[in-house]
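Student: You'll find my_file26.txt just under this line, and it carries compact mmCIF, C-alpha atoms.
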```
# COMPACT_ATOMS: atom_id res chain seq x y z
CA MET N 1493 110.46 115.25 81.29
CA LYS N 1494 111.68 113.53 78.14
CA LEU N 1495 112.66 115.77 75.24
CA ILE N 1496 112.01 114.77 71.66
CA GLU N 1497 115.03 114.30 69.42
CA HIS N 1498 113.43 115.30 66.15
CA ILE N 1499 110.10 115.80 64.48
CA LYS N 1500 109.25 114.18 61.19
CA ILE N 1501 106.28 115.25 59.09
CA PRO N 1502 105.41 112.59 56.50
CA THR N 1503 105.49 113.88 52.93
CA PHE N 1504 101.75 113.77 52.36
CA LEU N 1505 101.12 115.57 55.66
CA LEU N 1506 103.75 118.14 54.73
CA PHE N 1507 101.88 118.78 51.48
CA LEU N 1508 98.60 119.26 53.33
CA SER N 1509 100.19 121.68 55.77
CA LEU N 1510 101.82 123.74 53.04
CA SER N 1511 98.48 123.94 51.26
CA GLY N 1512 96.93 125.47 54.38
CA LYS N 1513 94.81 122.47 55.43
CA PRO N 1514 94.79 121.63 59.13
CA LEU N 1515 96.52 118.44 60.25
CA GLY N 1516 94.67 118.05 63.53
CA ALA N 1517 95.10 119.18 67.12
CA LYS N 1518 98.00 118.30 69.38
CA GLU N 1519 98.92 118.81 73.01
CA VAL N 1520 100.95 121.84 74.01
CA VAL N 1521 103.01 122.55 77.09
CA SER N 1522 101.70 125.09 79.58
CA LYS N 1523 103.77 128.23 80.00
CA THR N 1524 103.54 127.79 83.76
CA GLU N 1525 106.16 125.02 83.63
CA PRO N 1526 109.84 125.91 84.27
CA GLN N 1527 111.76 127.29 81.34
CA ARG N 1528 114.40 125.09 79.77
CA ALA N 1529 117.94 126.08 80.76
CA ASN N 1530 119.40 128.26 78.04
CA LYS N 1531 122.63 126.80 76.63
CA THR N 1532 122.78 128.88 73.48
CA THR N 1533 124.22 132.35 72.83
CA TRP N 1534 124.31 132.53 69.03
CA ILE N 1535 121.92 131.89 66.13
CA THR N 1536 122.56 131.53 62.42
CA ILE N 1537 119.91 131.45 59.72
CA THR N 1538 120.92 129.98 56.38
CA LYS N 1539 119.26 130.48 53.00
CA VAL N 1540 120.13 128.25 50.06
CA LYS N 1541 118.56 128.30 46.62
CA LYS N 1542 116.29 125.30 46.10
CA PRO N 1543 116.70 123.48 42.77
CA TRP N 1544 113.68 124.16 40.55
CA TYR N 1545 112.94 120.45 40.21
CA ALA N 1546 113.01 119.67 43.95
CA TRP N 1547 109.58 119.92 45.56
CA ARG N 1548 109.43 120.65 49.27
CA GLY N 1549 108.51 117.12 50.28
CA LEU N 1550 111.65 115.80 48.59
CA VAL N 1551 113.83 118.42 50.27
CA ALA N 1552 112.24 117.67 53.66
CA GLY N 1553 113.10 114.01 53.21
CA ARG N 1554 116.73 114.88 52.61
CA MET N 1555 116.66 117.17 55.64
CA GLU N 1556 115.57 114.25 57.80
CA LYS N 1557 118.39 112.05 56.52
CA SER N 1558 120.93 114.72 57.48
CA ILE N 1559 119.87 114.87 61.16
CA PRO N 1560 122.63 112.53 62.47
CA GLU N 1561 125.28 114.63 60.69
CA TYR N 1562 124.06 117.84 62.30
CA GLN N 1563 123.53 116.29 65.72
CA ALA N 1564 127.24 115.44 65.73
CA ILE N 1565 128.35 119.07 65.19
CA PRO N 1566 130.07 120.40 68.34
CA GLY N 1567 128.19 123.27 69.95
CA LEU N 1568 125.00 122.93 67.88
CA GLU N 1569 122.16 122.48 70.39
CA GLU N 1570 119.10 122.81 68.15
CA LYS N 1571 118.28 123.11 64.47
CA PHE N 1572 115.03 124.01 62.77
CA TYR N 1573 115.16 122.97 59.12
CA SER N 1574 113.31 125.65 57.21
CA PHE N 1575 111.74 126.93 54.02
CA TRP N 1576 111.73 130.70 53.66
CA GLU N 1577 108.14 131.38 52.67
CA GLY N 1578 107.63 133.53 49.58
CA SER N 1579 111.00 132.58 48.14
CA ASP N 1580 112.82 129.68 46.51
CA ARG N 1581 115.15 129.29 49.51
CA PHE N 1582 115.52 126.58 52.10
CA GLY N 1583 117.98 126.22 54.95
CA GLY N 1584 117.95 126.16 58.71
CA ILE N 1585 117.80 128.09 61.96
CA TYR N 1586 120.75 126.99 64.09
CA PHE N 1587 121.05 127.49 67.87
CA TRP N 1588 124.72 127.45 68.95
CA ARG N 1589 126.35 127.38 72.36
CA GLN N 1590 128.73 130.11 71.26
CA LYS N 1591 129.80 132.09 68.21
CA SER N 1592 133.04 130.16 67.79
CA ASP N 1593 131.05 126.94 67.27
CA ALA N 1594 129.15 128.54 64.38
CA ASP N 1595 132.35 129.99 62.91
CA ALA N 1596 133.95 126.55 62.98
CA TRP N 1597 131.08 125.16 60.89
CA PHE N 1598 130.58 127.99 58.41
CA GLN N 1599 134.08 127.92 56.97
CA PRO N 1600 134.85 128.92 53.33
CA SER N 1601 134.55 125.22 52.49
CA TRP N 1602 130.85 125.34 53.47
CA PHE N 1603 130.15 128.14 51.00
CA GLU N 1604 132.17 126.38 48.29
CA ARG N 1605 130.23 123.15 48.83
CA ILE N 1606 126.88 124.96 48.64
CA GLU N 1607 127.89 126.80 45.47
CA LYS N 1608 129.03 123.56 43.84
CA SER N 1609 125.82 121.76 44.80
CA TYR N 1610 123.23 124.51 44.12
CA GLY N 1611 124.83 126.90 41.66
CA GLU N 1612 125.33 129.83 44.04
CA LYS N 1613 126.72 130.51 47.49
CA GLY N 1614 124.40 130.26 50.42
CA ILE N 1615 123.47 133.15 52.70
CA VAL N 1616 124.36 132.95 56.39
CA ASN N 1617 122.90 135.59 58.72
CA SER N 1618 124.21 135.69 62.28
CA TYR N 1619 122.70 136.96 65.53
CA SER N 1620 123.76 137.13 69.17
CA ILE N 1621 121.10 136.08 71.69
CA MET N 1622 120.23 138.87 74.13
CA SER N 1623 117.47 137.00 75.98
CA SER N 1624 115.24 134.04 75.28
CA TYR N 1625 112.27 131.92 76.31
CA THR N 1626 112.21 128.24 75.35
CA ASN N 1627 109.52 125.70 76.14
CA PRO N 1628 111.01 122.79 78.13
CA THR N 1629 109.56 120.27 75.71
CA LEU N 1630 107.64 120.10 72.46
CA PRO N 1631 104.89 117.82 71.11
CA SER N 1632 106.14 114.70 69.36
CA GLN N 1633 103.71 114.94 66.47
CA GLY N 1634 101.39 117.39 64.77
CA GLU N 1635 101.61 120.24 62.31
CA ASN N 1636 104.72 121.98 61.04
CA PHE N 1637 106.42 124.60 63.13
CA TYR N 1638 106.57 128.20 61.90
CA ALA N 1639 109.11 130.91 62.69
CA VAL N 1640 108.85 134.69 62.33
CA LEU N 1641 111.88 136.97 62.30
CA SER N 1642 110.88 140.58 62.92
CA TYR N 1643 112.59 143.94 63.39
CA ARG N 1644 109.38 145.47 64.75
CA SER N 1645 109.12 146.67 68.33
CA ILE N 1646 107.40 143.81 70.13
CA ASP N 1647 106.52 143.49 73.82
CA LEU N 1648 107.03 139.79 74.42
CA ASN N 1649 105.45 139.84 77.87
CA SER N 1650 102.14 141.26 76.69
CA GLU N 1651 101.89 139.86 73.17
CA PHE N 1652 103.36 136.37 73.25
CA THR N 1653 103.47 134.76 76.68
CA LYS N 1654 99.69 134.28 76.66
CA ASP N 1655 99.89 131.92 73.67
CA ASP N 1656 100.68 128.28 74.45
CA SER N 1657 101.62 127.65 70.83
CA LEU N 1658 104.80 129.74 71.25
CA SER N 1659 107.80 127.43 71.65
CA HIS N 1660 110.63 129.98 71.35
CA ALA N 1661 110.84 133.75 71.80
CA VAL N 1662 114.37 135.04 71.31
CA VAL N 1663 115.55 138.64 71.41
CA LEU N 1664 118.49 138.99 69.03
CA GLN N 1665 121.06 141.49 67.86
CA ASP N 1666 122.32 141.22 64.29
CA THR N 1667 125.81 141.97 63.02
CA ASN N 1668 124.80 145.62 62.48
CA GLN N 1669 123.85 145.88 66.17
CA LYS N 1670 120.14 146.08 65.31
CA LYS N 1671 117.61 144.40 67.60
CA CYS N 1672 115.20 141.83 66.20
CA ILE N 1673 113.00 139.06 67.57
CA LEU N 1674 112.68 135.44 66.49
CA THR N 1675 109.51 133.59 67.49
CA VAL N 1676 108.78 129.93 66.78
CA TRP N 1677 105.19 128.70 66.79
CA ASN N 1678 103.58 125.27 66.98
CA ASN N 1679 100.79 126.21 64.59
CA GLN N 1680 100.28 128.25 61.45
CA LYS N 1681 97.43 130.37 62.79
CA SER N 1682 99.47 131.89 65.62
CA ALA N 1683 102.49 132.45 63.38
CA LEU N 1684 100.46 134.27 60.75
CA ALA N 1685 98.76 136.38 63.42
CA ASN N 1686 102.21 137.68 64.37
CA PHE N 1687 103.60 137.99 60.83
CA LYS N 1688 103.43 141.39 59.14
CA ASP N 1689 104.43 141.12 55.51
CA SER N 1690 104.27 144.88 55.04
CA GLU N 1691 106.92 145.27 57.77
CA SER N 1692 109.38 142.98 55.95
CA ASP N 1693 109.05 140.21 58.53
CA GLU N 1694 110.43 136.86 57.41
CA LEU N 1695 108.24 133.75 57.71
CA TYR N 1696 109.74 130.26 57.81
CA ILE N 1697 108.01 126.90 57.56
CA ILE N 1698 109.74 124.24 59.65
CA PRO N 1699 108.99 120.61 58.71
CA ILE N 1700 111.87 118.99 60.62
CA TYR N 1701 113.45 119.82 63.97
CA PHE N 1702 115.88 118.38 66.46
CA ARG N 1703 117.06 119.29 69.94
CA LYS N 1704 119.98 117.67 71.73
```
Let me see the file written as structure tokens.
Tutor:
Amino acid sequence: MKLIEHIKIPTFLLFLSLSGKPLGAKEVVSKTEPQRANKTTWITITKVKKPWYAWRGLVAGRMEKSIPEYQAIPGLEEKFYSFWEGSDRFGGIYFWRQKSDADAWFQPSWFERIEKSYGEKGIVNSYSIMSSYTNPTLPSQGENFYAVLSYRSIDLNSEFTKDDSLSHAVVLQDTNQKKCILTVWNNQKSALANFKDSESDELYIIPIYFRK
């Protein structure tokens, strides 16, 4: 089964999605298919302050142009380019083969470059992967993806595996040894149904994505 290399949402479609208007239906992969072999053991989530003058469509366009650069990074298997909803931050959710690959990328020079470009240092949160489910393939076109990071107690078997819009379900442990769960959804409705703002969940909009 052929895997997509990246997903591009045209600027006008990105605007419609961010405004809450549906972009149309798309095919999804049944959860009865074999899971994709897990090559990743480490995740980093970055948060960088977005310039006030840069609208999301412009930033998404620059994200797309950077795909070849990130695809060439050793050990980086997947990246979801993201906007942290409810904030002025953008960044990415990185899936690494191992922690040392992430450490090699997020050197002091990375933080210095971000501070020089955006006026303040970026935030990098790191997590070890305890267990994960990943769909073997993803649709080549359609709406944005959405991710939810939650520290709530969630039974993945009963709550998530019934939903075909779930592309990733990853049980994580942060640097303080606290358990959390990252879920990535193919549609806004499912993501919002599993997002609890009162519980300090974090919601990310993902306009661009690639998988090696």
Student: Choose the residue, out of N:Ile1535, N:Ile1700, N:Ala1685, N:Leu1550, that has the smallest atom-to-atom separation from Ile1621 in chain N; count only C-alpha atoms.
Tutor: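 Counting only C-alpha atoms, the residue closest to Ile1621 in chain N is N:Ile1535.
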Student: Quick one: pull the distance between CA of Glu1577 in chain N and CA of Ala1552 in chain N, Å, one decimal.
Tutor: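 Distance between the two atoms: 14.3 Å.
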Student: Mind giving me the straight-line distance from CA of Ile1646 in chain N to CA of Lys1671 in chain N in Å, one decimal?
Tutor: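 Computing it gives 10.5 Å between the two atoms.
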Student: What is the CA of Gly1553 in chain N-CA of Pro1699 in chain N distance in Å, reported with one decimal?
Tutor: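 Separation of CA of Gly1553 in chain N and CA of Pro1699 in chain N: 9.5 Å.
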Student: Out of N:Asn1649, N:Ala1661, N:Ile1585, N:Gly1567, which residue has the shortest atom-to-atom distance to Trp1597 in chain N when counting all atoms listed in the file?
Tutor: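 So, comparing all the options, the nearest one is N:Gly1567.
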Student: Between N:Ser1657, N:Gln1680, N:Trp1576, N:Ala1594, which has the minimum distance to Asp1693 in chain N (counting only C-alpha atoms)?
Tutor: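 For Asp1693 in chain N, the nearest of the given residues is N:Trp1576.
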Student: What's the 12 Å shell around Lys1541 in chain N, counting all atoms listed in the file, without same-chain residues fewer than 4 positions away, as an MDAnalysis selection string?
Tutor: chainID N and resid 1545:1546 1551 1575:1576 1579:1583 1606:1615
Student: Can you list, as an MDAnalysis selection string, every protein, DNA or RNA residue that comes within 8 Å of Lys1591 in chain N when you count all atoms listed in the file, leaving out same-chain residues fewer than 6 positions away?
Tutor: chainID N and resid 1533:1534 1620
Student: Could you tell me which of N:Ser1624, N:Thr1667, N:Thr1629, N:Ser1642 comes closest to Lys1688 in chain N if we count only C-alpha atoms?
Tutor: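 Nearest to Lys1688 in chain N: N:Ser1642.
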Student: Could you check which of N:Phe1702, N:Trp1588, N:Phe1637, N:Phe1603 is closest to Gln1563 in chain N, using only C-alpha atoms?
Tutor: N:Phe1702
Student: For Asn1627 in chain N, which of N:Asp1595, N:Gly1578, N:Val1663, N:Asn1678 is the closest residue, counting all atoms listed in the file?
Tutor: N:Asn1678
Student: Assuming 4 Å of padding per side, give the centre and edge lengths of the axis-aligned box around every listed atom of range 1638-1651 of chain N, in Å to one decimal and as lines of an AutoDock Vina configuration file.
Tutor:
```
center_x = 107.2
center_y = 137.4
center_z = 69.9
size_x = 18.7
size_y = 26.5
size_z = 24.0
```
Student: Can range 1650-1665 of chain N be brought up to N, CA and C atoms and written out as an mmCIF file, in the frame of the given file?
Tutor:
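The file below, selection.cif, is the result:
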```cif
data_model
loop_
_atom_site.group_PDB
_atom_site.id
_atom_site.type_symbol
_atom_site.label_atom_id
_atom_site.label_comp_id
_atom_site.auth_asym_id
_atom_site.auth_seq_id
_atom_site.Cartn_x
_atom_site.Cartn_y
_atom_site.Cartn_z
ATOM 1 N N SER N 1650 103.561 141.024 76.899
ATOM 2 C CA SER N 1650 102.140 141.260 76.690
ATOM 3 C C SER N 1650 101.587 140.571 75.456
ATOM 4 N N GLU N 1651 102.408 140.355 74.446
ATOM 5 C CA GLU N 1651 101.890 139.860 73.170
ATOM 6 C C GLU N 1651 102.049 138.357 72.981
ATOM 7 N N PHE N 1652 103.069 137.750 73.590
ATOM 8 C CA PHE N 1652 103.360 136.370 73.250
ATOM 9 C C PHE N 1652 103.187 135.364 74.384
ATOM 10 N N THR N 1653 103.452 135.758 75.614
ATOM 11 C CA THR N 1653 103.470 134.760 76.680
ATOM 12 C C THR N 1653 102.085 134.192 76.985
ATOM 13 N N LYS N 1654 101.046 134.804 76.457
ATOM 14 C CA LYS N 1654 99.690 134.280 76.660
ATOM 15 C C LYS N 1654 99.386 133.106 75.738
ATOM 16 N N ASP N 1655 100.192 132.902 74.704
ATOM 17 C CA ASP N 1655 99.890 131.920 73.670
ATOM 18 C C ASP N 1655 100.688 130.646 73.895
ATOM 19 N N ASP N 1656 100.002 129.543 74.184
ATOM 20 C CA ASP N 1656 100.680 128.280 74.450
ATOM 21 C C ASP N 1656 101.301 127.652 73.210
ATOM 22 N N SER N 1657 101.023 128.200 72.037
ATOM 23 C CA SER N 1657 101.620 127.650 70.830
ATOM 24 C C SER N 1657 103.021 128.208 70.580
ATOM 25 N N LEU N 1658 103.468 129.158 71.398
ATOM 26 C CA LEU N 1658 104.800 129.740 71.250
ATOM 27 C C LEU N 1658 105.835 128.831 71.894
ATOM 28 N N SER N 1659 106.770 128.318 71.106
ATOM 29 C CA SER N 1659 107.800 127.430 71.650
ATOM 30 C C SER N 1659 109.107 128.154 71.929
ATOM 31 N N HIS N 1660 109.420 129.189 71.145
ATOM 32 C CA HIS N 1660 110.630 129.980 71.350
ATOM 33 C C HIS N 1660 110.309 131.462 71.156
ATOM 34 N N ALA N 1661 110.876 132.301 72.001
ATOM 35 C CA ALA N 1661 110.840 133.750 71.800
ATOM 36 C C ALA N 1661 112.229 134.257 72.140
ATOM 37 N N VAL N 1662 112.963 134.721 71.137
ATOM 38 C CA VAL N 1662 114.370 135.040 71.310
ATOM 39 C C VAL N 1662 114.635 136.471 70.852
ATOM 40 N N VAL N 1663 115.151 137.285 71.757
ATOM 41 C CA VAL N 1663 115.550 138.640 71.410
ATOM 42 C C VAL N 1663 116.984 138.595 70.907
ATOM 43 N N LEU N 1664 117.203 139.117 69.697
ATOM 44 C CA LEU N 1664 118.490 138.990 69.030
ATOM 45 C C LEU N 1664 119.094 140.348 68.702
ATOM 46 N N GLN N 1665 120.375 140.323 68.402
ATOM 47 C CA GLN N 1665 121.060 141.490 67.860
ATOM 48 C C GLN N 1665 121.850 141.025 66.643
#
```
